[in-house]
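So this block is target24.cif, mmCIF, C-alpha atoms and all ligand atoms:
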```cif
data_query
loop_
_atom_site.label_atom_id
_atom_site.label_comp_id
_atom_site.auth_asym_id
_atom_site.auth_seq_id
_atom_site.Cartn_x
_atom_site.Cartn_y
_atom_site.Cartn_z
CA MET I 1 136.89 85.72 261.93
CA PRO I 2 140.02 83.58 261.85
CA GLY I 3 142.37 83.42 258.91
CA TYR I 4 141.28 86.56 257.11
CA LEU I 5 142.48 90.14 257.32
CA VAL I 6 139.42 91.56 259.08
CA GLU I 7 139.60 95.05 260.62
CA ASP I 8 137.59 94.23 263.77
CA GLU I 9 134.10 93.10 264.73
CA ARG I 10 132.51 96.57 265.02
CA LYS I 11 129.75 97.51 262.59
CA VAL I 12 131.26 99.44 259.68
CA THR I 13 129.99 103.00 259.28
CA THR I 14 130.68 105.66 256.68
CA LYS I 15 132.88 107.38 259.29
CA ARG I 16 134.91 104.16 259.70
CA LEU I 17 135.50 104.00 255.95
CA GLN I 18 136.96 107.52 256.02
CA GLU I 19 139.14 106.55 259.01
CA MET I 20 140.34 103.47 257.11
CA LYS I 21 141.26 105.58 254.11
CA ASP I 22 143.02 108.19 256.28
CA ALA I 23 144.99 105.40 258.00
CA GLY I 24 145.97 103.91 254.61
CA LYS I 25 143.88 100.76 255.20
CA LYS I 26 142.21 99.30 252.12
CA ILE I 27 138.45 98.80 251.86
CA ALA I 28 137.07 95.48 250.56
CA MET I 29 133.62 95.71 248.93
CA LEU I 30 131.59 92.97 247.17
CA THR I 31 128.06 92.64 245.89
CA SER I 32 125.47 90.28 247.38
CA TYR I 33 121.83 89.79 246.49
CA ASP I 34 120.56 87.13 248.93
CA TYR I 35 120.64 86.18 252.62
CA THR I 36 122.89 83.09 252.47
CA THR I 37 125.56 84.79 250.39
CA ALA I 38 125.43 87.91 252.57
CA CYS I 39 126.06 85.79 255.70
CA ILE I 40 129.18 84.28 254.08
CA VAL I 41 130.48 87.55 252.63
CA ASP I 42 129.98 89.42 255.92
CA GLY I 43 131.54 86.60 257.94
CA ALA I 44 134.61 86.57 255.71
CA GLY I 45 135.30 90.21 256.54
CA VAL I 46 134.08 92.28 253.60
CA ASP I 47 133.76 95.91 254.75
CA VAL I 48 131.01 97.08 252.39
CA ILE I 49 128.30 94.93 250.81
CA LEU I 50 126.62 96.38 247.73
CA ILE I 51 123.21 95.25 246.59
CA GLY I 52 124.12 96.13 243.02
CA ASP I 53 121.57 96.55 240.29
CA SER I 54 123.91 94.05 238.60
CA ALA I 55 121.33 91.69 240.15
CA SER I 56 119.57 92.37 236.85
CA ASN I 57 122.39 90.58 234.98
CA VAL I 58 123.52 87.89 237.39
CA MET I 59 120.28 87.02 239.19
CA VAL I 60 117.69 87.66 236.48
CA GLY I 61 119.66 87.15 233.24
CA ASN I 62 118.94 90.55 231.67
CA ALA I 63 121.49 92.05 229.27
CA THR I 64 121.55 95.37 231.15
CA THR I 65 120.76 96.78 234.59
CA LEU I 66 117.95 98.97 233.25
CA PRO I 67 114.95 96.72 234.02
CA MET I 68 115.52 96.65 237.82
CA THR I 69 112.77 98.30 239.86
CA VAL I 70 112.78 99.89 243.30
CA ASP I 71 110.61 97.02 244.60
CA GLN I 72 113.08 94.42 243.29
CA MET I 73 116.05 96.27 244.83
CA ILE I 74 114.23 96.43 248.16
CA TYR I 75 113.50 92.67 247.99
CA HIS I 76 117.19 91.85 247.45
CA ALA I 77 118.42 94.45 249.96
CA ARG I 78 116.09 93.19 252.69
CA SER I 79 117.41 89.64 252.21
CA VAL I 80 121.01 90.84 252.41
CA VAL I 81 120.45 93.06 255.46
CA ARG I 82 119.12 90.06 257.42
CA GLY I 83 122.44 88.25 256.85
CA VAL I 84 124.81 91.09 257.78
CA LYS I 85 126.23 91.89 261.22
CA ARG I 86 129.34 93.93 260.43
CA ALA I 87 129.55 95.31 256.89
CA LEU I 88 128.12 98.64 255.74
CA VAL I 89 125.21 97.76 253.43
CA VAL I 90 124.76 99.96 250.35
CA CYS I 91 121.85 99.56 247.93
CA ASP I 92 121.91 100.75 244.31
CA MET I 93 119.12 103.10 243.28
CA PRO I 94 117.86 101.53 240.05
CA PHE I 95 117.47 103.21 236.66
CA GLY I 96 114.48 105.55 236.61
CA SER I 97 114.26 105.96 240.38
CA TYR I 98 116.20 109.26 240.56
CA GLN I 99 116.78 110.61 237.04
CA VAL I 100 113.44 112.42 236.54
CA CYS I 101 113.65 114.84 239.46
CA ALA I 102 115.19 115.28 242.92
CA GLU I 103 111.82 114.69 244.62
CA ASP I 104 111.56 111.24 243.00
CA GLY I 105 115.12 110.48 244.08
CA VAL I 106 114.51 111.47 247.70
CA ARG I 107 111.20 109.58 247.86
CA ASN I 108 112.76 106.40 246.43
CA ALA I 109 115.90 106.66 248.58
CA ILE I 110 113.70 106.96 251.68
CA ARG I 111 111.66 103.92 250.58
CA ILE I 112 114.82 101.86 250.03
CA MET I 113 116.23 102.80 253.45
CA LYS I 114 112.92 102.36 255.31
CA GLU I 115 111.79 99.10 253.70
CA SER I 116 115.16 97.31 253.38
CA GLY I 117 117.05 98.49 256.46
CA CYS I 118 120.22 99.15 254.44
CA ASP I 119 122.74 101.80 255.50
CA ALA I 120 123.23 103.89 252.35
CA VAL I 121 122.36 104.24 248.66
CA LYS I 122 124.47 104.48 245.50
CA LEU I 123 123.61 106.59 242.44
CA GLU I 124 125.30 106.77 239.03
CA GLY I 125 126.30 110.14 237.60
CA GLY I 126 128.00 113.47 238.28
CA VAL I 127 126.87 117.09 238.13
CA GLU I 128 123.65 116.09 236.30
CA ILE I 129 122.34 114.47 239.50
CA LEU I 130 124.03 116.77 242.03
CA ASP I 131 120.81 118.45 243.17
CA THR I 132 119.26 115.00 243.79
CA VAL I 133 122.37 113.79 245.65
CA ARG I 134 122.28 116.91 247.87
CA LYS I 135 118.59 116.46 248.68
CA ILE I 136 119.04 112.76 249.51
CA LEU I 137 121.94 113.70 251.79
CA ASP I 138 119.76 116.46 253.33
CA ALA I 139 117.25 113.72 254.19
CA GLY I 140 119.97 112.08 256.29
CA ILE I 141 120.78 109.28 253.84
CA PRO I 142 124.45 108.51 253.09
CA VAL I 143 125.20 108.51 249.36
CA CYS I 144 127.94 106.69 247.44
CA GLY I 145 128.74 108.13 243.99
CA HIS I 146 129.51 106.09 240.86
CA LEU I 147 131.43 107.51 237.87
CA GLY I 148 133.23 106.20 234.78
CA LEU I 149 131.40 103.30 233.15
CA THR I 150 127.92 103.80 234.57
CA PRO I 151 125.92 100.77 233.34
CA GLN I 152 122.55 102.53 233.61
CA SER I 153 123.74 104.78 230.73
CA ILE I 154 124.96 101.89 228.56
CA ASN I 155 122.55 102.77 225.75
CA LYS I 156 124.04 106.28 225.60
CA PHE I 157 127.64 104.95 225.63
CA GLY I 158 126.83 102.13 223.20
CA THR I 159 129.76 100.04 224.50
CA PHE I 160 131.19 98.53 227.71
CA ALA I 161 134.68 99.75 226.72
CA VAL I 162 136.99 101.64 229.12
CA ARG I 163 135.69 105.20 229.73
CA ALA I 164 137.45 108.57 229.86
CA ARG I 165 140.49 107.79 227.74
CA GLU I 166 139.96 111.19 226.07
CA GLU I 167 141.03 114.27 228.04
CA ALA I 168 137.64 116.02 227.84
CA GLU I 169 135.84 113.07 229.45
CA ALA I 170 138.66 112.62 231.98
CA GLU I 171 138.42 116.30 232.99
CA LYS I 172 134.66 116.04 233.42
CA LEU I 173 135.10 112.90 235.54
CA VAL I 174 137.56 114.68 237.85
CA SER I 175 135.22 117.65 238.29
CA ASP I 176 132.23 115.31 238.81
CA ALA I 177 134.18 113.47 241.54
CA CYS I 178 135.07 116.78 243.22
CA ALA I 179 131.43 117.91 243.08
CA LEU I 180 130.14 114.62 244.57
CA ALA I 181 132.74 114.69 247.35
CA GLU I 182 132.04 118.36 248.15
CA ALA I 183 128.30 117.62 248.25
CA GLY I 184 129.01 115.03 250.96
CA CYS I 185 129.13 111.60 249.28
CA PHE I 186 130.93 109.23 251.68
CA ALA I 187 132.70 107.33 248.87
CA ILE I 188 132.88 107.21 245.08
CA VAL I 189 132.98 104.08 242.92
CA LEU I 190 135.07 104.49 239.76
CA GLU I 191 134.31 101.87 237.12
CA LYS I 192 136.45 100.88 234.14
CA ILE I 193 138.69 103.92 233.68
CA PRO I 194 142.48 104.14 233.21
CA ALA I 195 144.48 103.65 236.44
CA GLU I 196 146.20 106.98 235.81
CA LEU I 197 142.85 108.79 235.92
CA THR I 198 142.00 107.10 239.26
CA ARG I 199 145.31 108.46 240.63
CA ARG I 200 144.35 111.91 239.34
CA VAL I 201 140.93 111.78 241.02
CA ALA I 202 142.59 110.66 244.28
CA GLU I 203 144.76 113.80 244.21
CA HIS I 204 141.63 115.97 244.24
CA VAL I 205 139.22 114.02 246.43
CA LYS I 206 139.50 113.20 250.13
CA VAL I 207 136.69 110.60 250.39
CA PRO I 208 137.43 106.89 249.74
CA ILE I 209 137.68 105.90 246.08
CA ILE I 210 136.50 102.35 245.36
CA GLY I 211 137.68 100.92 242.05
CA ILE I 212 136.34 98.28 239.69
CA GLY I 213 138.51 98.00 236.62
CA ALA I 214 140.05 101.33 237.64
CA GLY I 215 143.45 100.21 238.98
CA PRO I 216 144.65 100.62 242.59
CA ALA I 217 142.42 102.78 244.83
CA ASP I 218 141.38 103.08 248.49
CA GLY I 219 139.24 100.00 247.98
CA GLN I 220 137.98 97.55 245.39
CA VAL I 221 134.56 96.18 244.50
CA LEU I 222 133.64 93.16 242.38
CA VAL I 223 130.41 91.42 241.48
CA ILE I 224 130.39 88.28 243.64
CA ASP I 225 129.17 85.89 240.92
CA ASP I 226 132.04 87.06 238.69
CA MET I 227 134.80 86.72 241.29
CA LEU I 228 133.53 83.29 242.30
CA GLY I 229 133.64 82.16 238.67
CA LYS I 230 129.95 81.30 238.45
CA ASN I 231 129.60 82.95 235.06
CA LYS I 232 131.93 81.14 232.65
CA GLY I 233 131.49 83.57 229.76
CA PHE I 234 132.46 86.80 231.56
CA SER I 235 136.20 87.39 231.83
CA PRO I 236 137.18 91.06 231.46
CA LYS I 237 140.83 92.00 232.08
CA PHE I 238 140.05 93.57 235.48
CA LEU I 239 138.39 90.46 236.91
CA ARG I 240 140.35 88.19 239.25
CA ARG I 241 138.60 84.84 239.74
CA TYR I 242 138.94 83.47 243.27
CA ALA I 243 137.07 80.23 242.59
CA ASP I 244 135.65 78.21 239.74
CA LEU I 245 132.13 77.73 241.08
CA PHE I 246 130.83 77.02 237.59
CA SER I 247 132.83 73.76 237.53
CA ILE I 248 132.32 72.97 241.21
CA ILE I 249 128.54 73.38 241.01
CA THR I 250 128.29 71.57 237.66
CA ASP I 251 130.27 68.59 239.06
CA ALA I 252 128.18 68.49 242.24
CA VAL I 253 124.87 68.71 240.41
CA GLY I 254 126.03 66.14 237.82
CA GLN I 255 127.00 63.75 240.64
CA TYR I 256 123.59 64.26 242.30
CA VAL I 257 121.80 63.50 239.02
CA SER I 258 123.84 60.27 238.61
CA ASP I 259 123.21 59.22 242.23
CA VAL I 260 119.45 59.76 241.92
CA LYS I 261 119.24 57.96 238.59
CA GLU I 262 121.38 55.02 239.80
CA GLY I 263 119.30 54.76 242.97
CA SER I 264 122.36 55.26 245.25
CA PHE I 265 120.78 58.38 246.81
CA PRO I 266 119.26 58.21 249.35
CA ASN I 267 120.99 55.28 251.11
CA SER I 268 119.89 53.76 254.39
CA ASP I 269 121.77 56.37 256.49
CA GLU I 270 119.94 59.11 254.63
CA SER I 271 116.51 57.53 255.15
CA TYR I 272 114.13 57.65 258.18
O1 LIG X 1 125.65 97.02 240.21
C1 LIG X 1 126.80 96.76 240.60
O2 LIG X 1 127.15 95.61 240.91
C2 LIG X 1 127.75 97.87 240.68
C3 LIG X 1 129.19 97.51 240.86
C4 LIG X 1 129.72 96.92 239.61
C5 LIG X 1 129.98 98.66 241.32
O3 LIG X 1 127.37 98.98 240.56
#
```
Final structure tokens representation of the file:
Amino acid sequence: MPGYLVEDERKVTTKRLQEMKDAGKKIAMLTSYDYTTACIVDGAGVDVILIGDSASNVMVGNATTLPMTVDQMIYHARSVVRGVKRALVVCDMPFGSYQVCAEDGVRNAIRIMKESGCDAVKLEGGVEILDTVRKILDAGIPVCGHLGLTPQSINKFGTFAVRAREEAEAEKLVSDACALAEAGCFAIVLEKIPAELTRRVAEHVKVPIIGIGAGPADGQVLVIDDMLGKNKGFSPKFLRRYADLFSIITDAVGQYVSDVKEGSFPNSDESY
């Protein structure tokens, strides 16, 4: 993998992520939802690929992540797994697949692992879902936690604003992170919280902390469509755009339309 800062070619495991953290090496995580993108993302050296339920927003056009189903997550995850050689592949458990009871959570986590071939699952929430997290871990499935802005609870929050600015919520987040780490989660995603709170969590928790809008951490995660600039209208403060695919794709498609309409495509070299 020339040109990029790739650890090495070995398949990334949860153990490797802990070793990276302990050695002070940062973890790069990105979402993917399809085979072609997963091939590119994996080849460019991303350590962890997340099949986020953000697929609901960026692939399907829903306003929230709530409509995603287990079957849809498995469909996306299976496509991604086929494209990945090196990265650890984590699949989000969608809304409704683990909140009712631990048995549901374990059954759905097993389905996701068995039918997609991914390496781990991610769940949103703290002590409320601890029993479920423990039982999924007991089934031999690695679990990544997710605290702070948890989009599956957006209707309860009522806003996508930064979470845990108040001390009571910050204290709960720290104790939730400790509980998830003690239960055996291999990493915890912290979304849209003050950088100072991320530092505080890191003082209490030994597992890798992956931030998104949470300041510096052991690693970072972004939604691929956002960081590639495919979605013109979404530009939160935490987002760094690495490309302007909206313009690139619009120009390319516009050129194609002109070529077809002018009759310059296909030319003789492009014909049999
Ligand atoms: O669904 C998703 O893409 C996520 C990331 C934003 C962490 O959960």
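With CA of Ala177 (chain I) on one side and CA of Leu130 (chain I) on the other, the separation reads 10.7 Å.
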- Item | Protein and nucleic acid residues within 7 Å of ligand LIG 1 (chain X) (only C-alpha atoms and all ligand atoms) as a ChimeraX atom specification | /I:31,50-55,92,189,191,212,221-223
- Message: Could you check the closest approach to Ala38 (chain I) for each of I:His76, I:Lys172, I:Arg10, I:Lys26 and tell me which residue wins, using all atoms listed in the file?
- Response: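 Once distances to Ala38 (chain I) are computed over all atoms listed in the file, the minimum belongs to I:His76.
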- Query: If you measure from CA of Ile249 (chain I) to CA of Thr37 (chain I), what distance in Å do you get, rounded to one decimal?
  - Reply: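 CA of Ile249 (chain I) sits 15.1 Å away from CA of Thr37 (chain I).
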- Task: Could you jot down the CA of Val127 (chain I) to CA of Ala181 (chain I) separation for me, Å, one decimal place?
- Result: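 Separating CA of Val127 (chain I) from CA of Ala181 (chain I) is a distance of 11.2 Å.
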